[in-house]
>>> print(open('entry-v6.json').read())   # JSON, C-alpha atoms and all ligand atoms
[["chain", "number", "residue", "atom", "x", "y", "z"],
["N", 1232, "MET", "CA", -12.37, 13.11, 14.90],
["N", 1233, "LYS", "CA", -8.89, 12.66, 13.50],
["N", 1234, "ALA", "CA", -6.04, 11.43, 15.67],
["N", 1235, "PRO", "CA", -2.65, 10.33, 14.36],
["N", 1236, "ARG", "CA", -2.13, 6.60, 13.92],
["N", 1237, "GLY", "CA", -0.09, 5.03, 16.71],
["N", 1238, "LEU", "CA", -1.57, 7.16, 19.50],
["N", 1239, "PRO", "CA", -2.40, 5.16, 22.63],
["N", 1240, "ALA", "CA", -6.04, 4.08, 22.51],
["N", 1241, "GLU", "CA", -7.03, 6.11, 25.56],
["N", 1242, "LEU", "CA", -5.98, 9.30, 23.80],
["N", 1243, "ALA", "CA", -7.15, 8.31, 20.33],
["N", 1244, "ALA", "CA", -10.64, 8.00, 21.80],
["N", 1245, "VAL", "CA", -10.69, 11.49, 23.32],
["N", 1246, "ASP", "CA", -13.28, 13.56, 21.55],
["N", 1247, "ARG", "CA", -11.75, 17.03, 21.94],
["N", 1248, "CYS", "CA", -8.54, 18.97, 21.48],
["N", 1249, "LEU", "CA", -5.78, 17.44, 23.61],
["N", 1250, "VAL", "CA", -3.62, 19.37, 26.04],
["N", 1251, "MET", "CA", 0.12, 18.68, 25.89],
["N", 1252, "GLY", "CA", 1.98, 19.91, 28.98],
["N", 1253, "VAL", "CA", 5.53, 21.22, 28.54],
["N", 1254, "VAL", "CA", 8.38, 19.77, 30.62],
["N", 1255, "ASN", "CA", 11.54, 21.65, 29.63],
["N", 1256, "VAL", "CA", 14.64, 20.08, 31.16],
["N", 1257, "THR", "CA", 16.79, 23.03, 30.14],
["N", 1258, "PRO", "CA", 18.61, 25.86, 31.89],
["N", 1259, "ASP", "CA", 17.72, 28.39, 29.19],
["N", 1260, "SER", "CA", 14.23, 27.97, 27.65],
["N", 1261, "PHE", "CA", 12.60, 31.35, 27.13],
["N", 1262, "SER", "CA", 9.89, 31.15, 29.77],
["N", 1263, "ASP", "CA", 10.76, 28.34, 32.17],
["N", 1264, "GLY", "CA", 14.48, 27.70, 31.65],
["N", 1265, "GLY", "CA", 16.06, 26.34, 34.83],
["N", 1266, "ASP", "CA", 12.73, 25.72, 36.59],
["N", 1267, "HIS", "CA", 12.93, 21.92, 36.23],
["N", 1268, "PHE", "CA", 16.53, 21.26, 35.37],
["N", 1269, "ASP", "CA", 17.06, 18.24, 37.62],
["N", 1270, "VAL", "CA", 15.37, 14.89, 37.12],
["N", 1271, "GLU", "CA", 13.39, 14.95, 40.33],
["N", 1272, "SER", "CA", 11.82, 18.34, 39.75],
["N", 1273, "ALA", "CA", 11.18, 17.66, 36.05],
["N", 1274, "VAL", "CA", 9.39, 14.41, 36.90],
["N", 1275, "ALA", "CA", 7.41, 16.10, 39.65],
["N", 1276, "HIS", "CA", 6.44, 18.83, 37.18],
["N", 1277, "GLY", "CA", 5.24, 16.30, 34.61],
["N", 1278, "MET", "CA", 3.16, 14.55, 37.25],
["N", 1279, "ALA", "CA", 1.70, 17.88, 38.43],
["N", 1280, "LEU", "CA", 0.76, 18.86, 34.87],
["N", 1281, "THR", "CA", -1.00, 15.52, 34.49],
["N", 1282, "ARG", "CA", -2.97, 16.08, 37.69],
["N", 1283, "GLU", "CA", -3.98, 19.48, 36.30],
["N", 1284, "GLY", "CA", -5.38, 17.78, 33.20],
["N", 1285, "ALA", "CA", -2.57, 17.30, 30.69],
["N", 1286, "ASP", "CA", -3.40, 14.47, 28.30],
["N", 1287, "LEU", "CA", 0.28, 14.01, 27.47],
["N", 1288, "VAL", "CA", 3.57, 15.65, 28.40],
["N", 1289, "ASP", "CA", 6.33, 16.86, 26.09],
["N", 1290, "VAL", "CA", 9.85, 16.46, 27.47],
["N", 1291, "GLY", "CA", 12.60, 18.55, 25.87],
["N", 1292, "GLY", "CA", 16.29, 19.00, 26.63],
["N", 1293, "GLU", "CA", 17.33, 21.68, 24.15],
["N", 1294, "SER", "CA", 16.08, 25.25, 24.15],
["N", 1295, "THR", "CA", 14.77, 26.54, 20.83],
["N", 1296, "ARG", "CA", 14.31, 30.14, 21.92],
["N", 1297, "PRO", "CA", 15.41, 32.66, 19.27],
["N", 1298, "GLY", "CA", 19.20, 32.87, 19.23],
["N", 1299, "ALA", "CA", 19.73, 29.72, 21.34],
["N", 1300, "ALA", "CA", 22.95, 27.77, 20.85],
["N", 1301, "ARG", "CA", 22.74, 24.01, 20.40],
["N", 1302, "VAL", "CA", 23.67, 21.50, 23.09],
["N", 1303, "THR", "CA", 25.47, 18.26, 22.29],
["N", 1304, "SER", "CA", 23.48, 15.14, 21.61],
["N", 1305, "ALA", "CA", 24.98, 13.49, 24.69],
["N", 1306, "GLU", "CA", 23.92, 16.38, 26.91],
["N", 1307, "GLU", "CA", 20.43, 16.45, 25.43],
["N", 1308, "ALA", "CA", 20.06, 12.70, 26.05],
["N", 1309, "ARG", "CA", 21.43, 13.05, 29.57],
["N", 1310, "ARG", "CA", 18.75, 15.64, 30.34],
["N", 1311, "VAL", "CA", 15.69, 13.98, 28.86],
["N", 1312, "LEU", "CA", 16.09, 10.21, 29.12],
["N", 1313, "PRO", "CA", 15.72, 9.73, 32.89],
["N", 1314, "VAL", "CA", 12.71, 12.06, 32.88],
["N", 1315, "VAL", "CA", 11.07, 10.26, 29.97],
["N", 1316, "ARG", "CA", 11.75, 6.89, 31.62],
["N", 1317, "GLU", "CA", 10.19, 7.84, 34.94],
["N", 1318, "LEU", "CA", 7.15, 9.59, 33.51],
["N", 1319, "ALA", "CA", 6.45, 6.74, 31.07],
["N", 1320, "ALA", "CA", 6.86, 4.20, 33.89],
["N", 1321, "ALA", "CA", 4.27, 6.17, 35.86],
["N", 1322, "GLY", "CA", 1.83, 5.59, 33.01],
["N", 1323, "LEU", "CA", 1.92, 8.99, 31.32],
["N", 1324, "VAL", "CA", 1.87, 9.39, 27.56],
["N", 1325, "VAL", "CA", 5.21, 11.05, 26.88],
["N", 1326, "SER", "CA", 6.36, 12.91, 23.82],
["N", 1327, "VAL", "CA", 10.03, 13.75, 23.31],
["N", 1328, "ASP", "CA", 10.82, 17.19, 21.91],
["N", 1329, "THR", "CA", 13.97, 16.68, 19.86],
["N", 1330, "MET", "CA", 15.42, 17.25, 16.41],
["N", 1331, "ARG", "CA", 17.92, 14.41, 16.79],
["N", 1332, "SER", "CA", 17.10, 10.89, 15.70],
["N", 1333, "GLU", "CA", 19.49, 9.31, 18.22],
["N", 1334, "VAL", "CA", 17.84, 11.16, 21.10],
["N", 1335, "ALA", "CA", 14.39, 10.28, 19.76],
["N", 1336, "GLU", "CA", 15.35, 6.62, 19.41],
["N", 1337, "ALA", "CA", 16.70, 6.44, 22.95],
["N", 1338, "ALA", "CA", 13.61, 8.22, 24.26],
["N", 1339, "LEU", "CA", 11.31, 5.75, 22.46],
["N", 1340, "ASP", "CA", 13.32, 2.94, 24.06],
["N", 1341, "ALA", "CA", 12.82, 4.67, 27.41],
["N", 1342, "GLY", "CA", 9.04, 4.65, 26.93],
["N", 1343, "ALA", "CA", 8.16, 7.77, 24.94],
["N", 1344, "GLY", "CA", 5.16, 7.28, 22.68],
["N", 1345, "LEU", "CA", 5.48, 10.27, 20.33],
["N", 1346, "VAL", "CA", 8.24, 12.30, 18.73],
["N", 1347, "ASN", "CA", 7.89, 16.09, 18.54],
["N", 1348, "ASP", "CA", 10.43, 17.48, 16.08],
["N", 1349, "VAL", "CA", 10.44, 21.28, 15.67],
["N", 1350, "SER", "CA", 12.40, 20.82, 12.44],
["N", 1351, "GLY", "CA", 9.91, 18.40, 10.90],
["N", 1352, "GLY", "CA", 12.77, 16.10, 9.95],
["N", 1353, "ALA", "CA", 14.83, 18.81, 8.25],
["N", 1354, "ALA", "CA", 17.56, 18.99, 10.93],
["N", 1355, "ASP", "CA", 18.44, 15.29, 10.90],
["N", 1356, "PRO", "CA", 18.00, 13.22, 7.73],
["N", 1357, "ALA", "CA", 17.92, 10.04, 9.85],
["N", 1358, "MET", "CA", 14.80, 11.15, 11.74],
["N", 1359, "ALA", "CA", 12.34, 10.10, 9.03],
["N", 1360, "LYS", "CA", 13.74, 6.58, 8.91],
["N", 1361, "LEU", "CA", 13.49, 6.23, 12.67],
["N", 1362, "VAL", "CA", 9.90, 7.48, 12.77],
["N", 1363, "ALA", "CA", 8.98, 5.27, 9.82],
["N", 1364, "SER", "CA", 10.23, 2.15, 11.56],
["N", 1365, "ALA", "CA", 8.86, 3.10, 14.99],
["N", 1366, "GLY", "CA", 5.39, 3.91, 13.60],
["N", 1367, "VAL", "CA", 4.73, 6.40, 16.42],
["N", 1368, "PRO", "CA", 2.90, 9.71, 16.03],
["N", 1369, "TYR", "CA", 5.32, 12.36, 14.79],
["N", 1370, "VAL", "CA", 4.81, 16.11, 15.14],
["N", 1371, "ALA", "CA", 6.40, 17.90, 12.18],
["N", 1372, "MET", "CA", 6.66, 21.63, 12.79],
["N", 1373, "HIS", "CA", 7.18, 24.39, 10.24],
["N", 1374, "TRP", "CA", 10.86, 25.34, 10.53],
["N", 1375, "ARG", "CA", 13.31, 27.23, 8.39],
["N", 1376, "GLY", "CA", 16.54, 26.87, 10.33],
["N", 1377, "HIS", "CA", 18.19, 26.57, 13.71],
["N", 1378, "SER", "CA", 17.32, 29.02, 16.46],
["N", 1379, "ALA", "CA", 20.64, 30.86, 16.29],
["N", 1380, "GLY", "CA", 19.74, 32.29, 12.87],
["N", 1381, "MET", "CA", 16.01, 31.84, 12.51],
["N", 1382, "ASP", "CA", 14.95, 35.47, 12.98],
["N", 1383, "ALA", "CA", 16.76, 36.34, 9.74],
["N", 1384, "LEU", "CA", 14.62, 33.74, 7.94],
["N", 1385, "ALA", "CA", 11.31, 35.46, 8.79],
["N", 1386, "ASP", "CA", 10.84, 36.71, 5.26],
["N", 1387, "TYR", "CA", 7.51, 35.97, 3.55],
["N", 1388, "ARG", "CA", 5.42, 37.37, 0.73],
["N", 1389, "ASP", "CA", 2.37, 35.34, 1.77],
["N", 1390, "VAL", "CA", 3.09, 33.68, 5.07],
["N", 1391, "VAL", "CA", 0.04, 31.42, 5.13],
["N", 1392, "ALA", "CA", 0.59, 30.10, 1.61],
["N", 1393, "GLU", "CA", 4.31, 29.61, 2.23],
["N", 1394, "VAL", "CA", 3.89, 27.83, 5.57],
["N", 1395, "VAL", "CA", 1.27, 25.55, 4.07],
["N", 1396, "ALA", "CA", 3.44, 24.82, 1.01],
["N", 1397, "GLU", "CA", 6.55, 24.18, 3.11],
["N", 1398, "LEU", "CA", 4.64, 21.85, 5.45],
["N", 1399, "GLN", "CA", 3.29, 19.98, 2.43],
["N", 1400, "GLN", "CA", 6.88, 19.61, 1.15],
["N", 1401, "ARG", "CA", 7.98, 18.28, 4.54],
["N", 1402, "LEU", "CA", 5.09, 15.83, 4.59],
["N", 1403, "ASP", "CA", 5.97, 14.66, 1.07],
["N", 1404, "ALA", "CA", 9.64, 14.22, 2.06],
["N", 1405, "LEU", "CA", 8.67, 12.23, 5.14],
["N", 1406, "VAL", "CA", 6.36, 9.98, 3.15],
["N", 1407, "ALA", "CA", 9.05, 9.48, 0.49],
["N", 1408, "ALA", "CA", 11.35, 8.33, 3.30],
["N", 1409, "GLY", "CA", 8.80, 5.73, 4.38],
["N", 1410, "VAL", "CA", 6.81, 7.55, 7.08],
["N", 1411, "ASP", "CA", 3.13, 6.61, 7.23],
["N", 1412, "PRO", "CA", 1.34, 9.93, 6.60],
["N", 1413, "GLN", "CA", -1.39, 8.85, 9.02],
["N", 1414, "THR", "CA", 1.13, 9.12, 11.88],
["N", 1415, "VAL", "CA", 2.04, 12.74, 11.10],
["N", 1416, "VAL", "CA", 0.77, 15.79, 13.00],
["N", 1417, "LEU", "CA", 1.52, 19.21, 11.50],
["N", 1418, "ASP", "CA", 2.37, 22.38, 13.45],
["N", 1419, "PRO", "CA", 2.62, 25.95, 12.12],
["N", 1420, "GLY", "CA", 5.64, 26.70, 14.34],
["N", 1421, "LEU", "CA", 4.45, 29.95, 15.91],
["N", 1422, "GLY", "CA", 7.42, 32.21, 16.65],
["N", 1423, "PHE", "CA", 9.86, 30.06, 14.66],
["N", 1424, "ALA", "CA", 11.29, 32.20, 11.84],
["N", 1425, "LYS", "CA", 8.17, 34.30, 12.25],
["N", 1426, "ARG", "CA", 7.65, 37.85, 13.39],
["N", 1427, "PRO", "CA", 4.49, 38.50, 15.44],
["N", 1428, "GLU", "CA", 2.43, 39.42, 12.37],
["N", 1429, "HIS", "CA", 3.43, 36.11, 10.75],
["N", 1430, "SER", "CA", 2.38, 34.09, 13.81],
["N", 1431, "TRP", "CA", -0.97, 35.87, 13.95],
["N", 1432, "ALA", "CA", -1.56, 35.32, 10.23],
["N", 1433, "VAL", "CA", -1.00, 31.57, 10.39],
["N", 1434, "LEU", "CA", -2.96, 31.25, 13.63],
["N", 1435, "ALA", "CA", -5.88, 33.01, 11.94],
["N", 1436, "ARG", "CA", -5.80, 30.43, 9.12],
["N", 1437, "LEU", "CA", -5.64, 27.07, 10.87],
["N", 1438, "ASP", "CA", -8.25, 25.98, 8.32],
["N", 1439, "ALA", "CA", -5.57, 26.25, 5.60],
["N", 1440, "LEU", "CA", -3.29, 23.95, 7.60],
["N", 1441, "LEU", "CA", -6.11, 21.53, 8.38],
["N", 1442, "ALA", "CA", -6.81, 21.35, 4.66],
["N", 1443, "LEU", "CA", -3.55, 19.38, 4.35],
["N", 1444, "GLY", "CA", -5.56, 16.55, 5.87],
["N", 1445, "ARG", "CA", -3.49, 16.01, 9.00],
["N", 1446, "PRO", "CA", -4.17, 16.83, 12.66],
["N", 1447, "VAL", "CA", -2.67, 20.15, 13.75],
["N", 1448, "LEU", "CA", -0.84, 21.00, 16.97],
["N", 1449, "VAL", "CA", -0.57, 24.63, 18.09],
["N", 1450, "GLY", "CA", 2.22, 25.89, 20.35],
["N", 1451, "ALA", "CA", 1.42, 29.48, 21.32],
["N", 1452, "SER", "CA", 2.12, 29.24, 25.04],
["N", 1453, "ARG", "CA", 3.74, 32.41, 26.44],
["N", 1454, "LYS", "CA", 5.33, 33.22, 23.10],
["N", 1455, "GLY", "CA", 6.68, 36.60, 22.08],
["N", 1456, "PHE", "CA", 3.81, 37.47, 19.75],
["N", 1457, "LEU", "CA", 1.51, 37.41, 22.79],
["N", 1458, "GLY", "CA", 3.96, 39.55, 24.75],
["N", 1459, "THR", "CA", 4.10, 42.05, 21.90],
["N", 1460, "LEU", "CA", 0.32, 42.23, 21.66],
["N", 1461, "LEU", "CA", 0.07, 42.92, 25.39],
["N", 1462, "ALA", "CA", 2.97, 45.39, 25.59],
["N", 1463, "ASP", "CA", 2.71, 48.18, 28.14],
["N", 1464, "GLY", "CA", 2.37, 51.86, 27.28],
["N", 1465, "ALA", "CA", 6.15, 52.18, 26.87],
["N", 1466, "GLY", "CA", 6.17, 49.35, 24.33],
["N", 1467, "GLN", "CA", 7.72, 46.83, 26.71],
["N", 1468, "PRO", "CA", 6.45, 43.30, 25.94],
["N", 1469, "ARG", "CA", 4.34, 41.67, 28.64],
["N", 1470, "PRO", "CA", 6.66, 39.39, 30.71],
["N", 1471, "THR", "CA", 6.40, 35.69, 29.90],
["N", 1472, "ALA", "CA", 4.83, 34.70, 33.22],
["N", 1473, "MET", "CA", 1.99, 37.17, 32.58],
["N", 1474, "ARG", "CA", 0.97, 35.76, 29.21],
["N", 1475, "GLU", "CA", -1.09, 32.90, 30.63],
["N", 1476, "ASP", "CA", -4.55, 34.39, 30.09],
["N", 1477, "ALA", "CA", -3.68, 35.16, 26.48],
["N", 1478, "THR", "CA", -2.36, 31.61, 26.10],
["N", 1479, "THR", "CA", -5.69, 30.27, 27.35],
["N", 1480, "ALA", "CA", -7.53, 32.48, 24.88],
["N", 1481, "VAL", "CA", -5.45, 31.01, 22.04],
["N", 1482, "THR", "CA", -6.16, 27.51, 23.32],
["N", 1483, "ALA", "CA", -9.91, 28.14, 23.19],
["N", 1484, "LEU", "CA", -9.75, 29.65, 19.71],
["N", 1485, "ALA", "CA", -7.40, 27.01, 18.30],
["N", 1486, "ALA", "CA", -9.52, 24.21, 19.74],
["N", 1487, "ALA", "CA", -12.67, 25.82, 18.35],
["N", 1488, "ALA", "CA", -10.96, 26.02, 14.96],
["N", 1489, "GLY", "CA", -10.28, 22.28, 15.04],
["N", 1490, "ALA", "CA", -6.74, 21.93, 16.42],
["N", 1491, "TRP", "CA", -5.90, 18.38, 17.47],
["N", 1492, "ALA", "CA", -3.75, 19.52, 20.42],
["N", 1493, "VAL", "CA", -2.25, 22.56, 22.10],
["N", 1494, "ARG", "CA", 1.17, 22.63, 23.74],
["N", 1495, "VAL", "CA", 1.14, 24.70, 26.94],
["N", 1496, "HIS", "CA", 3.26, 25.42, 30.02],
["N", 1497, "GLN", "CA", 0.33, 25.77, 32.44],
["N", 1498, "VAL", "CA", -2.35, 23.19, 31.94],
["N", 1499, "ALA", "CA", -5.40, 23.78, 34.15],
["N", 1500, "ALA", "CA", -6.94, 26.73, 32.30],
["N", 1501, "SER", "CA", -6.28, 25.19, 28.87],
["N", 1502, "ALA", "CA", -7.84, 21.91, 30.04],
["N", 1503, "ASP", "CA", -11.04, 23.85, 30.76],
["N", 1504, "ALA", "CA", -10.79, 25.85, 27.53],
["N", 1505, "VAL", "CA", -10.58, 22.76, 25.29],
["N", 1506, "ARG", "CA", -13.73, 21.41, 26.92],
["N", 1507, "VAL", "CA", -15.57, 24.68, 26.32],
["N", 1508, "ALA", "CA", -14.47, 24.61, 22.68],
["N", 1509, "ALA", "CA", -15.51, 20.97, 22.24],
["N", 1510, "ARG", "CA", -18.93, 21.68, 23.70],
["N", 1511, "LEU", "CA", -19.36, 24.64, 21.43],
["N", 1512, "ARG", "CA", -18.27, 22.72, 18.35],
["N", 1513, "GLY", "CA", -20.62, 19.90, 19.27],
["N", 1514, "SER", "CA", -23.52, 22.32, 19.55],
["N", 1515, "ALA", "CA", -22.71, 24.21, 16.39],
["N", 1516, "SER", "CA", -22.37, 21.12, 14.23],
["N", 1517, "PRO", "CA", -23.95, 18.03, 15.77],
["N", 1518, "ALA", "CA", -23.14, 16.02, 12.66],
["N", 1519, "GLY", "CA", -19.48, 17.02, 12.61],
["N", 1520, "GLY", "CA", -16.58, 15.80, 14.70],
["N", 1521, "PRO", "CA", -15.64, 18.08, 17.58],
["N", 1522, "CYS", "CA", -11.96, 17.94, 16.76],
["N", 1523, "GLY", "CA", -9.62, 17.25, 13.87],
["N", 1524, "VAL", "CA", -10.02, 18.19, 10.24],
["N", 1525, "PRO", "CA", -13.22, 19.93, 9.19],
["N", 1526, "SER", "CA", -16.00, 17.42, 8.59],
["N", 1601, "LIG", "N1", 7.64, 25.54, 20.69],
["N", 1601, "LIG", "C1", 8.70, 25.39, 21.48],
["N", 1601, "LIG", "C2", 9.29, 24.12, 21.68],
["N", 1601, "LIG", "N2", 8.79, 23.03, 21.06],
["N", 1601, "LIG", "N3", 7.19, 22.08, 19.64],
["N", 1601, "LIG", "C3", 6.14, 22.20, 18.82],
["N", 1601, "LIG", "N4", 5.64, 21.11, 18.19],
["N", 1601, "LIG", "N5", 5.53, 23.38, 18.60],
["N", 1601, "LIG", "C4", 5.98, 24.54, 19.19],
["N", 1601, "LIG", "O1", 5.40, 25.61, 18.93],
["N", 1601, "LIG", "C5", 7.11, 24.45, 20.06],
["N", 1601, "LIG", "C6", 7.69, 23.16, 20.26],
["N", 1601, "LIG", "C7", 9.26, 26.59, 22.18],
["N", 1601, "LIG", "O2", 8.67, 26.77, 23.42],
["N", 1601, "LIG", "P1", 9.39, 26.35, 24.81],
["N", 1601, "LIG", "O3", 10.83, 26.80, 24.73],
["N", 1601, "LIG", "O4", 8.68, 27.05, 25.88],
["N", 1601, "LIG", "O5", 9.27, 24.87, 24.96]]
>>> encode(input="entry-v6.json", output="structure tokens")
Amino acid sequence: MKAPRGLPAELAAVDRCLVMGVVNVTPDSFSDGGDHFDVESAVAHGMALTREGADLVDVGGESTRPGAARVTSAEEARRVLPVVRELAAAGLVVSVDTMRSEVAEAALDAGAGLVNDVSGGAADPAMAKLVASAGVPYVAMHWRGHSAGMDALADYRDVVAEVVAELQQRLDALVAAGVDPQTVVLDPGLGFAKRPEHSWAVLARLDALLALGRPVLVGASRKGFLGTLLADGAGQPRPTAMREDATTAVTALAAAAGAWAVRVHQVAASADAVRVAARLRGSASPAGGPCGVPS
């Protein structure tokens, strides 16, 4: 099994796909914006996700839904830091979902153990240096530009080849800036500068991402490509709250394909699904690792 370097030992030893629970401290995220916008309810939500089986929680303070405007760094820090501090003090493994090195640095000081950067270091040139010196696991997602304009960037001739090549370029840039490649987790960025057919294409080829030699995180939870698939007879996308069963199906399939972790809003069903996938992988290939890059 392949886990990124720097992961707490209790998680590095887990022999299956991990479940990352989402704690969005935002008023405007696409599926749960405003649900946990004060510290108390965000902390309670993180604790509840952990009781449901989350292996780690991902705390974010800036919505990345298509078209979203940016918040200031100060506002982002104000939202996430108290939540990170309390959840880390309670013993949870906390990841901070941010594109800003100053927010990431403050969150690491507050007890976060991972950095999840949807821009893979492209939004803030100082991020690579921070991650290099901190030595923590770093999720680098495939990203082509900020949310306000990303739909216009969903232009591909061969989406799988281009996502793989662009992630390889990001990885090379991070390593050139001093980041230990063993700390890096890659993420295809489902729904980010991708139309539904693009998200399905990359999801169908996780093996091509895993061939880059790094663990892969998949964030499909409640996303628009699931809503489009499950549209009603009039072509109306399935509402976000009713995409949970499809999210669980993706969790099972991604885990069976060797994903290192899935990032989900509701944890319980995915926590079961990753165990089913691990059992299946163990039975299909007793000599191989149940999770990580193909053995
Ligand atoms: N998706 C969202 C936010 N952060 N991070 C990673 N690594 N991968 C993702 O796919 C991802 C992410 C958007 O979902 P949200 O607004 O519900 O958090």
>>> residues_near_ligand(input="entry-v6.json", ligand="ligand LIG 1601 (chain N)", cutoff="8 Å", atoms="only C-alpha atoms and all ligand atoms", output="JSON, numbers by chain")
{"N": [1253, 1254, 1255, 1260, 1261, 1262, 1263, 1264, 1291, 1294, 1295, 1296, 1328, 1347, 1348, 1349, 1370, 1371, 1372, 1418, 1419, 1420, 1421, 1422, 1423, 1448, 1449, 1450, 1451, 1452, 1453, 1454, 1494, 1495, 1496]}
>>> closest_residue(input="entry-v6.json", among="N:Leu1437, N:Leu1312, N:Ala1275, N:Ala1341", to="Trp1491 of chain N", atoms="all atoms listed in the file")
N:Leu1437
>>> residues_around(input="entry-v6.json", residues="Ala1502 of chain N", least_positions_apart="6", cutoff="8 Å", atoms="only C-alpha atoms", output="short mmCIF file (atom, residue, chain, number, x, y, z; two decimals) with C-alpha atoms, keeping the file's coordinate frame")
data_model
loop_
_atom_site.label_atom_id
_atom_site.label_comp_id
_atom_site.auth_asym_id
_atom_site.auth_seq_id
_atom_site.Cartn_x
_atom_site.Cartn_y
_atom_site.Cartn_z
CA VAL N 1250 -3.62 19.37 26.04
CA GLU N 1283 -3.98 19.48 36.30
CA GLY N 1284 -5.38 17.78 33.20
CA ALA N 1285 -2.57 17.30 30.69
#
>>> atom_distance(input="entry-v6.json", atom1="atom CA of Met1278 of chain N", atom2="atom CA of Arg1310 of chain N")
17.1 Å
>>> closest_residue(input="entry-v6.json", among="N:His1429, N:Arg1375, N:Gly1344, N:Val1367", to="Arg1401 of chain N", atoms="all atoms listed in the file")
N:Arg1375
>>> residues_near_point(input="entry-v6.json", point="(5.5, 4.2, 16.0)", cutoff="8 Å", atoms="only C-alpha atoms", output="JSON, numbers by chain")
{"N": [1237, 1344, 1345, 1362, 1363, 1364, 1365, 1366, 1367, 1368, 1414]}
>>> residues_around(input="entry-v6.json", residues="Pro1412 of chain N", least_positions_apart="6", cutoff="10 Å", atoms="all atoms listed in the file", output="tab-separated table (two decimals) with C-alpha atoms, keeping the file's coordinate frame")
chain	number	residue	atom	x	y	z
N	1235	PRO	CA	-2.65	10.33	14.36
N	1236	ARG	CA	-2.13	6.60	13.92
N	1363	ALA	CA	8.98	5.27	9.82
N	1368	PRO	CA	2.90	9.71	16.03
N	1369	TYR	CA	5.32	12.36	14.79
N	1402	LEU	CA	5.09	15.83	4.59
N	1403	ASP	CA	5.97	14.66	1.07
N	1405	LEU	CA	8.67	12.23	5.14
N	1406	VAL	CA	6.36	9.98	3.15
N	1444	GLY	CA	-5.56	16.55	5.87
N	1445	ARG	CA	-3.49	16.01	9.00
>>> decode(input="entry-v6.json", residues="segment 1426-1430 of chain N", atoms="all heavy atoms", output="PDB file, in the first residue's frame")
ATOM      1  N   ARG N1426     -16.307  19.437 -18.104  1.00  0.00           N
ATOM      2  CA  ARG N1426     -17.728  19.149 -18.289  1.00  0.00           C
ATOM      3  C   ARG N1426     -17.966  17.708 -17.832  1.00  0.00           C
ATOM      4  O   ARG N1426     -16.998  16.950 -17.632  1.00  0.00           O
ATOM      5  CB  ARG N1426     -18.104  19.348 -19.765  1.00  0.00           C
ATOM      6  CG  ARG N1426     -18.050  20.826 -20.182  1.00  0.00           C
ATOM      7  CD  ARG N1426     -18.766  21.034 -21.513  1.00  0.00           C
ATOM      8  NE  ARG N1426     -18.105  20.334 -22.604  1.00  0.00           N
ATOM      9  CZ  ARG N1426     -17.106  20.812 -23.326  1.00  0.00           C
ATOM     10  NH1 ARG N1426     -16.632  22.026 -23.078  1.00  0.00           N
ATOM     11  NH2 ARG N1426     -16.575  20.102 -24.290  1.00  0.00           N
ATOM     12  N   PRO N1427     -19.250  17.320 -17.661  1.00  0.00           N
ATOM     13  CA  PRO N1427     -19.501  15.964 -17.155  1.00  0.00           C
ATOM     14  C   PRO N1427     -18.749  14.871 -17.902  1.00  0.00           C
ATOM     15  O   PRO N1427     -18.168  13.977 -17.286  1.00  0.00           O
ATOM     16  CB  PRO N1427     -21.023  15.821 -17.300  1.00  0.00           C
ATOM     17  CG  PRO N1427     -21.539  17.212 -17.111  1.00  0.00           C
ATOM     18  CD  PRO N1427     -20.510  18.104 -17.766  1.00  0.00           C
ATOM     19  N   GLU N1428     -18.710  14.963 -19.235  1.00  0.00           N
ATOM     20  CA  GLU N1428     -18.039  13.885 -19.989  1.00  0.00           C
ATOM     21  C   GLU N1428     -16.545  13.834 -19.667  1.00  0.00           C
ATOM     22  O   GLU N1428     -15.920  12.760 -19.706  1.00  0.00           O
ATOM     23  CB  GLU N1428     -18.281  14.024 -21.500  1.00  0.00           C
ATOM     24  CG  GLU N1428     -17.716  15.269 -22.165  1.00  0.00           C
ATOM     25  CD  GLU N1428     -18.709  16.441 -22.196  1.00  0.00           C
ATOM     26  OE1 GLU N1428     -19.563  16.544 -21.293  1.00  0.00           O
ATOM     27  OE2 GLU N1428     -18.599  17.269 -23.131  1.00  0.00           O
ATOM     28  N   HIS N1429     -15.962  14.992 -19.339  1.00  0.00           N
ATOM     29  CA  HIS N1429     -14.540  15.011 -18.961  1.00  0.00           C
ATOM     30  C   HIS N1429     -14.333  14.332 -17.603  1.00  0.00           C
ATOM     31  O   HIS N1429     -13.381  13.568 -17.401  1.00  0.00           O
ATOM     32  CB  HIS N1429     -14.022  16.453 -18.897  1.00  0.00           C
ATOM     33  CG  HIS N1429     -14.139  17.192 -20.185  1.00  0.00           C
ATOM     34  ND1 HIS N1429     -14.588  18.483 -20.279  1.00  0.00           N
ATOM     35  CD2 HIS N1429     -13.865  16.802 -21.468  1.00  0.00           C
ATOM     36  CE1 HIS N1429     -14.582  18.868 -21.542  1.00  0.00           C
ATOM     37  NE2 HIS N1429     -14.148  17.862 -22.287  1.00  0.00           N
ATOM     38  N   SER N1430     -15.232  14.633 -16.645  1.00  0.00           N
ATOM     39  CA  SER N1430     -15.091  14.014 -15.323  1.00  0.00           C
ATOM     40  C   SER N1430     -15.247  12.500 -15.423  1.00  0.00           C
ATOM     41  O   SER N1430     -14.480  11.748 -14.813  1.00  0.00           O
ATOM     42  CB  SER N1430     -16.138  14.593 -14.356  1.00  0.00           C
ATOM     43  OG  SER N1430     -15.828  15.945 -14.057  1.00  0.00           O
TER      44      SER N1430
END
